[in-house]
$ cat data-v4.cif   # mmCIF, C-alpha atoms and all ligand atoms
data_coords
#
loop_
_atom_site.label_atom_id
_atom_site.label_comp_id
_atom_site.auth_asym_id
_atom_site.auth_seq_id
_atom_site.Cartn_x
_atom_site.Cartn_y
_atom_site.Cartn_z
CA MET A 5 -9.58 -19.16 -14.46
CA ASN A 6 -6.32 -20.48 -13.00
CA GLU A 7 -6.54 -20.15 -9.21
CA ARG A 8 -3.46 -17.97 -9.46
CA GLY A 9 -5.19 -15.84 -12.09
CA ASP A 10 -5.20 -15.54 -15.85
CA LEU A 11 -1.82 -14.64 -17.26
CA LEU A 12 -1.45 -12.84 -20.59
CA VAL A 13 1.92 -12.44 -22.28
CA TYR A 14 2.61 -9.38 -24.43
CA ALA A 15 5.53 -8.68 -26.73
CA ASP A 16 7.00 -5.80 -24.76
CA ALA A 17 6.47 -3.13 -22.11
CA GLY A 18 4.61 -0.88 -24.51
CA ALA A 19 2.05 -3.59 -25.22
CA VAL A 20 1.62 -4.24 -21.49
CA ALA A 21 1.06 -0.52 -20.88
CA LEU A 22 -1.65 -0.39 -23.54
CA ALA A 23 -3.30 -3.54 -22.22
CA LEU A 24 -3.25 -2.15 -18.68
CA ALA A 25 -4.73 1.20 -19.74
CA GLU A 26 -7.44 -0.52 -21.77
CA TYR A 27 -8.25 -2.85 -18.86
CA PHE A 28 -8.50 0.17 -16.54
CA VAL A 29 -10.99 1.84 -18.92
CA ALA A 30 -12.98 -1.32 -19.61
CA THR A 31 -13.30 -2.01 -15.88
CA GLY A 32 -14.27 1.61 -15.28
CA GLU A 33 -16.93 1.65 -17.95
CA LEU A 34 -18.41 -1.59 -16.58
CA ALA A 35 -18.39 -0.34 -12.98
CA ILE A 36 -19.99 2.99 -13.87
CA ALA A 37 -22.63 1.26 -15.98
CA GLU A 38 -23.44 -1.22 -13.21
CA ARG A 39 -23.03 0.92 -10.05
CA GLY A 40 -22.64 4.51 -11.14
CA LYS A 41 -19.04 4.83 -10.06
CA PHE A 42 -15.56 3.30 -10.52
CA THR A 43 -13.35 2.85 -7.49
CA VAL A 44 -9.74 1.96 -8.24
CA ALA A 45 -6.52 1.64 -6.23
CA LEU A 46 -3.46 2.68 -8.21
CA SER A 47 -0.14 0.88 -8.02
CA GLY A 48 3.11 2.75 -7.68
CA GLY A 49 6.66 2.28 -8.87
CA ASN A 50 7.72 2.65 -12.49
CA THR A 51 5.77 -0.01 -14.36
CA PRO A 52 2.34 1.64 -14.45
CA ARG A 53 3.59 5.10 -15.49
CA ALA A 54 3.32 4.41 -19.23
CA ALA A 55 -0.21 3.07 -18.80
CA TYR A 56 -1.19 6.15 -16.76
CA GLU A 57 0.20 8.39 -19.50
CA LEU A 58 -1.99 6.57 -22.03
CA LEU A 59 -5.02 7.25 -19.82
CA ALA A 60 -4.29 10.96 -20.11
CA ALA A 61 -4.21 10.83 -23.90
CA GLY A 62 -7.05 11.19 -26.39
CA PRO A 63 -9.32 8.23 -26.93
CA LEU A 64 -8.77 6.45 -23.63
CA CYS A 65 -9.17 9.66 -21.61
CA ALA A 66 -12.43 10.42 -23.38
CA SER A 67 -13.79 6.94 -22.70
CA LEU A 68 -14.40 7.51 -19.01
CA SER A 69 -16.82 9.74 -17.11
CA TRP A 70 -14.08 11.02 -14.77
CA ASN A 71 -16.62 12.60 -12.40
CA ASP A 72 -17.58 9.02 -11.53
CA VAL A 73 -14.02 7.78 -11.04
CA PHE A 74 -12.67 7.56 -7.48
CA ILE A 75 -8.94 7.08 -7.09
CA TYR A 76 -7.28 5.38 -4.14
CA PHE A 77 -3.70 4.17 -3.66
CA GLY A 78 -2.66 0.60 -2.95
CA ASP A 79 0.43 1.84 -1.17
CA GLU A 80 2.60 4.88 -0.64
CA ARG A 81 6.08 5.74 0.43
CA CYS A 82 6.26 7.75 3.68
CA VAL A 83 7.49 10.90 2.00
CA PRO A 84 5.84 14.25 1.24
CA PRO A 85 3.50 14.34 -1.80
CA GLY A 86 6.00 16.41 -3.77
CA ASP A 87 8.86 13.99 -3.20
CA GLU A 88 10.13 12.26 -6.34
CA ARG A 89 9.56 8.89 -4.61
CA SER A 90 5.88 9.59 -3.98
CA ASN A 91 3.45 7.31 -5.81
CA TYR A 92 0.89 10.09 -5.60
CA ARG A 93 3.28 12.50 -7.35
CA MET A 94 3.97 9.96 -10.11
CA ALA A 95 0.26 9.37 -10.73
CA ARG A 96 -0.52 13.09 -10.54
CA GLU A 97 2.16 13.94 -13.10
CA ALA A 98 1.42 10.96 -15.37
CA PHE A 99 -2.35 11.43 -15.61
CA LEU A 100 -4.31 12.85 -12.68
CA ASP A 101 -3.40 16.43 -13.58
CA ALA A 102 -4.38 15.80 -17.20
CA VAL A 103 -7.82 14.23 -16.80
CA PRO A 104 -11.00 16.05 -15.66
CA ILE A 105 -11.28 14.22 -12.35
CA PRO A 106 -12.43 16.32 -9.38
CA SER A 107 -9.65 16.60 -6.79
CA ALA A 108 -12.14 15.42 -4.15
CA ASN A 109 -12.26 12.08 -5.99
CA VAL A 110 -8.58 11.40 -5.28
CA ALA A 111 -7.84 9.96 -1.83
CA ARG A 112 -4.13 10.36 -1.16
CA MET A 113 -2.29 8.42 1.53
CA ARG A 114 -0.59 11.10 3.65
CA GLY A 115 2.99 9.89 3.55
CA GLU A 116 4.20 13.07 5.17
CA ILE A 117 2.68 12.44 8.60
CA ASP A 118 3.37 9.80 11.24
CA PRO A 119 3.05 6.42 9.45
CA GLY A 120 0.79 4.90 12.08
CA LEU A 121 -1.52 7.89 12.01
CA ALA A 122 -1.52 7.90 8.21
CA ALA A 123 -2.46 4.22 8.11
CA ASN A 124 -5.34 4.70 10.54
CA GLU A 125 -6.48 7.81 8.69
CA TYR A 126 -6.55 5.99 5.35
CA ALA A 127 -8.41 3.03 6.83
CA SER A 128 -11.04 5.50 8.06
CA ILE A 129 -11.24 7.05 4.59
CA LEU A 130 -11.77 3.61 3.06
CA ARG A 131 -14.48 2.69 5.60
CA ALA A 132 -16.25 6.04 5.23
CA SER A 133 -16.32 5.88 1.45
CA LEU A 134 -16.58 2.14 0.77
CA GLY A 135 -17.97 0.55 3.92
CA GLU A 136 -16.58 -1.67 6.67
CA LEU A 137 -15.17 -4.15 4.16
CA PRO A 138 -14.19 -1.92 1.23
CA ARG A 139 -14.79 -3.62 -2.12
CA LEU A 140 -12.89 -1.77 -4.83
CA ASP A 141 -13.75 -2.30 -8.48
CA LEU A 142 -10.07 -2.61 -9.38
CA VAL A 143 -6.78 -2.93 -7.54
CA MET A 144 -3.68 -2.41 -9.67
CA LEU A 145 -0.46 -4.05 -8.53
CA GLY A 146 3.15 -4.44 -9.52
CA LEU A 147 5.65 -7.12 -8.57
CA GLY A 148 9.03 -6.51 -7.02
CA GLU A 149 12.10 -8.61 -7.83
CA ASP A 150 11.85 -9.95 -4.27
CA GLY A 151 8.25 -11.04 -4.76
CA HIS A 152 6.65 -8.12 -2.92
CA THR A 153 3.54 -6.31 -4.09
CA ALA A 154 2.11 -3.01 -2.95
CA SER A 155 4.22 -2.53 0.18
CA LEU A 156 3.79 -6.09 1.36
CA PHE A 157 7.46 -6.99 1.60
CA PRO A 158 9.05 -10.28 2.63
CA GLY A 159 9.40 -10.28 6.40
CA ILE A 160 6.59 -7.75 6.86
CA ALA A 161 3.59 -9.41 5.31
CA GLN A 162 3.19 -12.05 8.00
CA GLU A 163 3.11 -9.41 10.73
CA ILE A 164 0.06 -7.81 9.20
CA GLU A 165 -2.96 -8.25 11.42
CA GLY A 166 -5.71 -10.02 9.49
CA ASN A 167 -8.46 -7.47 10.09
CA SER A 168 -6.63 -4.26 9.32
CA LEU A 169 -7.29 -2.40 6.10
CA VAL A 170 -4.12 -0.32 5.92
CA GLU A 171 -0.77 -0.90 7.61
CA ALA A 172 2.40 1.12 8.15
CA ALA A 173 5.63 -0.84 8.11
CA TYR A 174 9.34 -0.16 7.86
CA ALA A 175 10.65 -1.81 4.68
CA GLN A 176 14.28 -2.75 5.41
CA SER A 177 15.05 -3.36 1.74
CA GLN A 178 13.81 0.12 0.87
CA ALA A 179 15.19 1.79 4.03
CA MET A 180 11.90 3.62 4.43
CA TRP A 181 8.51 3.49 6.04
CA ARG A 182 5.68 2.47 3.76
CA LEU A 183 1.90 2.49 3.88
CA THR A 184 0.00 -0.35 2.27
CA MET A 185 -3.46 -1.72 1.73
CA THR A 186 -3.65 -5.15 3.31
CA PRO A 187 -4.54 -8.45 1.63
CA LYS A 188 -7.97 -8.09 3.26
CA VAL A 189 -8.74 -5.06 1.07
CA ILE A 190 -6.92 -6.28 -2.03
CA ASN A 191 -8.65 -9.66 -1.98
CA ALA A 192 -12.11 -8.12 -1.59
CA ALA A 193 -11.78 -6.32 -4.93
CA ARG A 194 -13.92 -7.20 -7.92
CA ARG A 195 -10.82 -7.21 -10.11
CA VAL A 196 -7.09 -7.29 -9.35
CA VAL A 197 -4.49 -6.79 -12.07
CA PHE A 198 -0.72 -7.21 -11.93
CA ALA A 199 1.50 -5.57 -14.53
CA VAL A 200 4.98 -7.08 -14.70
CA GLU A 201 7.75 -6.18 -17.11
CA GLY A 202 11.37 -7.00 -17.73
CA ALA A 203 13.80 -9.90 -17.31
CA ALA A 204 14.64 -8.74 -13.80
CA LYS A 205 11.14 -9.83 -12.71
CA ALA A 206 11.26 -13.26 -14.40
CA ARG A 207 12.44 -15.20 -11.35
CA ALA A 208 9.92 -13.57 -9.02
CA LEU A 209 7.07 -14.03 -11.50
CA ALA A 210 7.84 -17.71 -11.98
CA ALA A 211 8.09 -18.26 -8.21
CA VAL A 212 4.89 -16.34 -7.44
CA TYR A 213 2.78 -17.64 -10.30
CA GLU A 214 4.01 -21.22 -10.65
CA GLY A 215 6.08 -21.97 -7.56
CA PRO A 216 5.00 -23.64 -4.33
CA ARG A 217 2.83 -21.57 -2.02
CA ASP A 218 5.21 -19.57 0.14
CA PRO A 219 3.69 -16.14 0.89
CA ILE A 220 6.23 -15.39 3.60
CA THR A 221 8.97 -15.42 0.99
CA TYR A 222 6.74 -14.17 -1.84
CA PRO A 223 4.06 -11.86 -0.39
CA ALA A 224 2.49 -11.36 -3.85
CA GLN A 225 1.07 -14.86 -3.30
CA LEU A 226 -1.16 -13.32 -0.61
CA VAL A 227 -3.19 -11.86 -3.49
CA GLN A 228 -6.03 -14.34 -3.90
CA PRO A 229 -9.25 -12.45 -4.58
CA SER A 230 -12.09 -14.05 -2.59
CA SER A 231 -14.52 -13.76 -5.47
CA GLY A 232 -13.01 -11.28 -7.90
CA GLU A 233 -10.95 -11.78 -11.03
CA LEU A 234 -7.15 -11.88 -10.95
CA ARG A 235 -5.26 -11.03 -14.11
CA TRP A 236 -1.55 -10.80 -14.90
CA LEU A 237 -0.34 -8.64 -17.80
CA VAL A 238 3.29 -9.48 -18.43
CA ASP A 239 5.83 -8.98 -21.19
CA GLU A 240 7.89 -11.71 -22.83
CA ALA A 241 11.00 -10.85 -20.84
CA ALA A 242 9.21 -11.25 -17.51
CA ALA A 243 7.55 -14.48 -18.72
CA GLU A 244 10.84 -16.06 -19.79
CA LEU A 245 11.07 -18.52 -16.88
CA LEU A 246 7.43 -19.56 -16.81
CA ARG A 247 6.88 -23.23 -17.53
CA LEU A 248 3.50 -22.12 -18.79
CA ARG A 249 5.24 -20.17 -21.49
CA ALA A 250 6.39 -23.38 -23.09
CA ARG A 251 2.79 -24.60 -23.12
CA LEU A 252 1.24 -21.35 -24.31
CA ASN A 253 -1.09 -22.02 -27.16
CA THR A 254 0.75 -20.28 -30.01
CA SER A 255 -2.46 -18.88 -31.49
CA ALA A 256 -3.44 -17.42 -28.10
CA TYR A 257 0.09 -16.10 -27.70
CA LYS A 258 -0.01 -14.50 -31.13
CA GLU A 259 -3.52 -13.21 -30.35
CA HIS A 260 -2.21 -11.16 -27.46
CA ASN A 261 0.73 -9.88 -29.41
CA THR A 262 -0.85 -8.54 -32.54
C1 LIG A 301 5.76 0.83 -5.04
C2 LIG A 301 4.84 -0.23 -5.53
C3 LIG A 301 5.56 -1.53 -5.58
C4 LIG A 301 5.87 -1.76 -7.05
C5 LIG A 301 6.89 -2.85 -7.23
C6 LIG A 301 7.36 -2.88 -8.70
O1 LIG A 301 5.33 1.68 -4.25
O2 LIG A 301 6.91 0.83 -5.53
O3 LIG A 301 3.68 -0.29 -4.94
O4 LIG A 301 4.86 -2.63 -5.09
O5 LIG A 301 4.67 -2.08 -7.73
O6 LIG A 301 8.00 -2.55 -6.40
O7 LIG A 301 7.96 -1.64 -8.95
P1 LIG A 301 8.43 -1.23 -10.44
O8 LIG A 301 7.18 -1.11 -11.25
O9 LIG A 301 9.13 0.09 -10.25
O10 LIG A 301 9.33 -2.33 -10.93
#
$ encode --input "data-v4.cif" --output "structure tokens" --more "lines below"
Ligand code: 6PG
Amino acid sequence: MNERGDLLVYADAGAVALALAEYFVATGELAIAERGKFTVALSGGNTPRAAYELLAAGPLCASLSWNDVFIYFGDERCVPPGDERSNYRMAREAFLDAVPIPSANVARMRGEIDPGLAANEYASILRASLGELPRLDLVMLGLGEDGHTASLFPGIAQEIEGNSLVEAAYAQSQAMWRLTMTPKVINAARRVVFAVEGAAKARALAAVYEGPRDPITYPAQLVQPSSGELRWLVDEAAAELLRLRARLNTSAYKEHNT
């Protein structure tokens, strides 16, 4: 595996959504078979919505024993859970309300309370349910045009104290407080998957995946699982500026785009 992870290029956003949903289910089935439960941190924003909607539909929904699935959030906007900007609301509407998962299995970051308190509360939830160094089966991530991931934004990421599990920070570019899992939690995961779509992400993807190491400028480079797998699911538009793209083995490329 490339030390920056395995990168798979798909024809379009729809193919990425299907690949992401299938990877979610495959990881879940493996985790439940091996350890009796599947612990996963959802990503927010727009990209994962289509994949979440696929999880709520027929065959994929039926593939998982939802009683054994435990949902966490990689980050959250500091807004009430009913706010249209809430990652929890997006996930709830896209699939959590449609699958038979017990509500007790969903650990929401409380964006509606004081950010510092919410961060400490969520860290306690992680420790209580997953241990002192939480090791999630899967962390799902997106990539911002500025190279951020979760709510690890340029200018914030380096302030994050190495041992914390969850941080609250004011994201200038978003003009809002955010809560985020830290690299310590993300990098402890058994699997981490990025989903990246669209030409607007091409520059950030090329810089993060192939550029020099510069995590201050591109916090997504902080994602380096200590022993877990890192996978990138990207569409052609987002991959446009990758040097790798020119070297992609055409058969492999076609394989992922059938
Ligand atoms: C969030 C996400 C954030 C997101 C990227 C990409 O809360 O918005 O955690 O890191 O994954 O900003 O967002 P899009 O998928 O909307 O492009």
$ closest_residue --input "data-v4.cif" --among "A:Asn6, A:Thr184, A:Gln162, A:Asn124" --to "Ser47 (chain A)" --atoms "all atoms listed in the file"
A:Thr184
$ closest_residue --input "data-v4.cif" --among "A:Ala25, A:Ala95, A:Val170, A:Val44" --to "Ser67 (chain A)" --atoms "only C-alpha atoms"
A:Ala25
$ atom_distance --input "data-v4.cif" --atom1 "CA of Pro219 (chain A)" --atom2 "CA of Gly49 (chain A)"
21.1 Å
$ atom_distance --input "data-v4.cif" --atom1 "CA of Ile220 (chain A)" --atom2 "atom C4 of ligand LIG 301 (chain A)"
17.3 Å
$ residues_around --input "data-v4.cif" --residues "region 32-39 of chain A" --least-positions-apart "2" --cutoff "8 Å" --atoms "only C-alpha atoms" --output "number ranges by chain"
A: 28-30, 41-43, 67-68, 72-73, 141
$ atom_distance --input "data-v4.cif" --atom1 "CA of Ile105 (chain A)" --atom2 "CA of Glu26 (chain A)"
17.9 Å
$ residues_near_ligand --input "data-v4.cif" --ligand "ligand LIG 301 (chain A)" --cutoff "9 Å" --atoms "only C-alpha atoms and all ligand atoms" --output "short mmCIF file (atom, residue, chain, number, x, y, z; two decimals) with C-alpha atoms, in the frame of the given file"
data_model
loop_
_atom_site.label_atom_id
_atom_site.label_comp_id
_atom_site.auth_asym_id
_atom_site.auth_seq_id
_atom_site.Cartn_x
_atom_site.Cartn_y
_atom_site.Cartn_z
CA LEU A 46 -3.46 2.68 -8.21
CA SER A 47 -0.14 0.88 -8.02
CA GLY A 48 3.11 2.75 -7.68
CA GLY A 49 6.66 2.28 -8.87
CA ASN A 50 7.72 2.65 -12.49
CA THR A 51 5.77 -0.01 -14.36
CA PRO A 52 2.34 1.64 -14.45
CA ARG A 53 3.59 5.10 -15.49
CA PHE A 77 -3.70 4.17 -3.66
CA GLY A 78 -2.66 0.60 -2.95
CA ASP A 79 0.43 1.84 -1.17
CA GLU A 80 2.60 4.88 -0.64
CA ARG A 81 6.08 5.74 0.43
CA ARG A 89 9.56 8.89 -4.61
CA SER A 90 5.88 9.59 -3.98
CA ASN A 91 3.45 7.31 -5.81
CA MET A 144 -3.68 -2.41 -9.67
CA LEU A 145 -0.46 -4.05 -8.53
CA GLY A 146 3.15 -4.44 -9.52
CA LEU A 147 5.65 -7.12 -8.57
CA GLY A 148 9.03 -6.51 -7.02
CA GLU A 149 12.10 -8.61 -7.83
CA ASP A 150 11.85 -9.95 -4.27
CA GLY A 151 8.25 -11.04 -4.76
CA HIS A 152 6.65 -8.12 -2.92
CA THR A 153 3.54 -6.31 -4.09
CA ALA A 154 2.11 -3.01 -2.95
CA SER A 155 4.22 -2.53 0.18
CA LEU A 156 3.79 -6.09 1.36
CA PHE A 157 7.46 -6.99 1.60
CA ARG A 182 5.68 2.47 3.76
CA LEU A 183 1.90 2.49 3.88
CA THR A 184 0.00 -0.35 2.27
CA PHE A 198 -0.72 -7.21 -11.93
CA ALA A 199 1.50 -5.57 -14.53
CA VAL A 200 4.98 -7.08 -14.70
CA GLU A 201 7.75 -6.18 -17.11
CA GLY A 202 11.37 -7.00 -17.73
CA ALA A 204 14.64 -8.74 -13.80
CA LYS A 205 11.14 -9.83 -12.71
#
$ closest_residue --input "data-v4.cif" --among "A:Ile160, A:Leu142, A:Ala203, A:Ala111" --to "Tyr92 (chain A)" --atoms "all atoms listed in the file"
A:Ala111
$ residues_around --input "data-v4.cif" --residues "Val20 (chain A)" --least-positions-apart "4" --cutoff "7 Å" --atoms "all atoms listed in the file" --output "PyMOL selection string"
chain A and resi 14+16+24+237-239
$ closest_residue --input "data-v4.cif" --among "A:Ala23, A:Thr221, A:Ala61, A:Ala45" --to "Pro104 (chain A)" --atoms "all atoms listed in the file"
A:Ala61
$ closest_residue --input "data-v4.cif" --among "A:Ala66, A:Ala127, A:Met113, A:Ala102" --to "Cys82 (chain A)" --atoms "only C-alpha atoms"
A:Met113
$ residues_around --input "data-v4.cif" --residues "Arg235 (chain A)" --least-positions-apart "4" --cutoff "10 Å" --atoms "only C-alpha atoms" --output "MDAnalysis selection string"
chainID A and resid 5:6 8:12 27 144 195:199
$ closest_residue --input "data-v4.cif" --among "A:Gly166, A:Gly18, A:Gly86, A:Gly120" --to "Thr186 (chain A)" --atoms "all atoms listed in the file"
A:Gly166
$ closest_atom_pairs --input "data-v4.cif" --of "region 110-140 of chain A" --to "region 173-179 of chain A" --cutoff "12 Å" --atoms "all atoms listed in the file" --output "JSON lines"
{"residue": "A:Gly115", "atom": "CA", "partner": "A:Ala173", "partner_atom": "CA", "distance": 12.0}
{"residue": "A:Asp118", "atom": "CA", "partner": "A:Ala173", "partner_atom": "CA", "distance": 11.3}
{"residue": "A:Pro119", "atom": "CA", "partner": "A:Ala173", "partner_atom": "CA", "distance": 7.8}
{"residue": "A:Gly120", "atom": "CA", "partner": "A:Ala173", "partner_atom": "CA", "distance": 8.5}
{"residue": "A:Leu121", "atom": "CA", "partner": "A:Ala173", "partner_atom": "CA", "distance": 11.9}
{"residue": "A:Ala122", "atom": "CA", "partner": "A:Ala173", "partner_atom": "CA", "distance": 11.3}
{"residue": "A:Ala123", "atom": "CA", "partner": "A:Ala173", "partner_atom": "CA", "distance": 9.5}
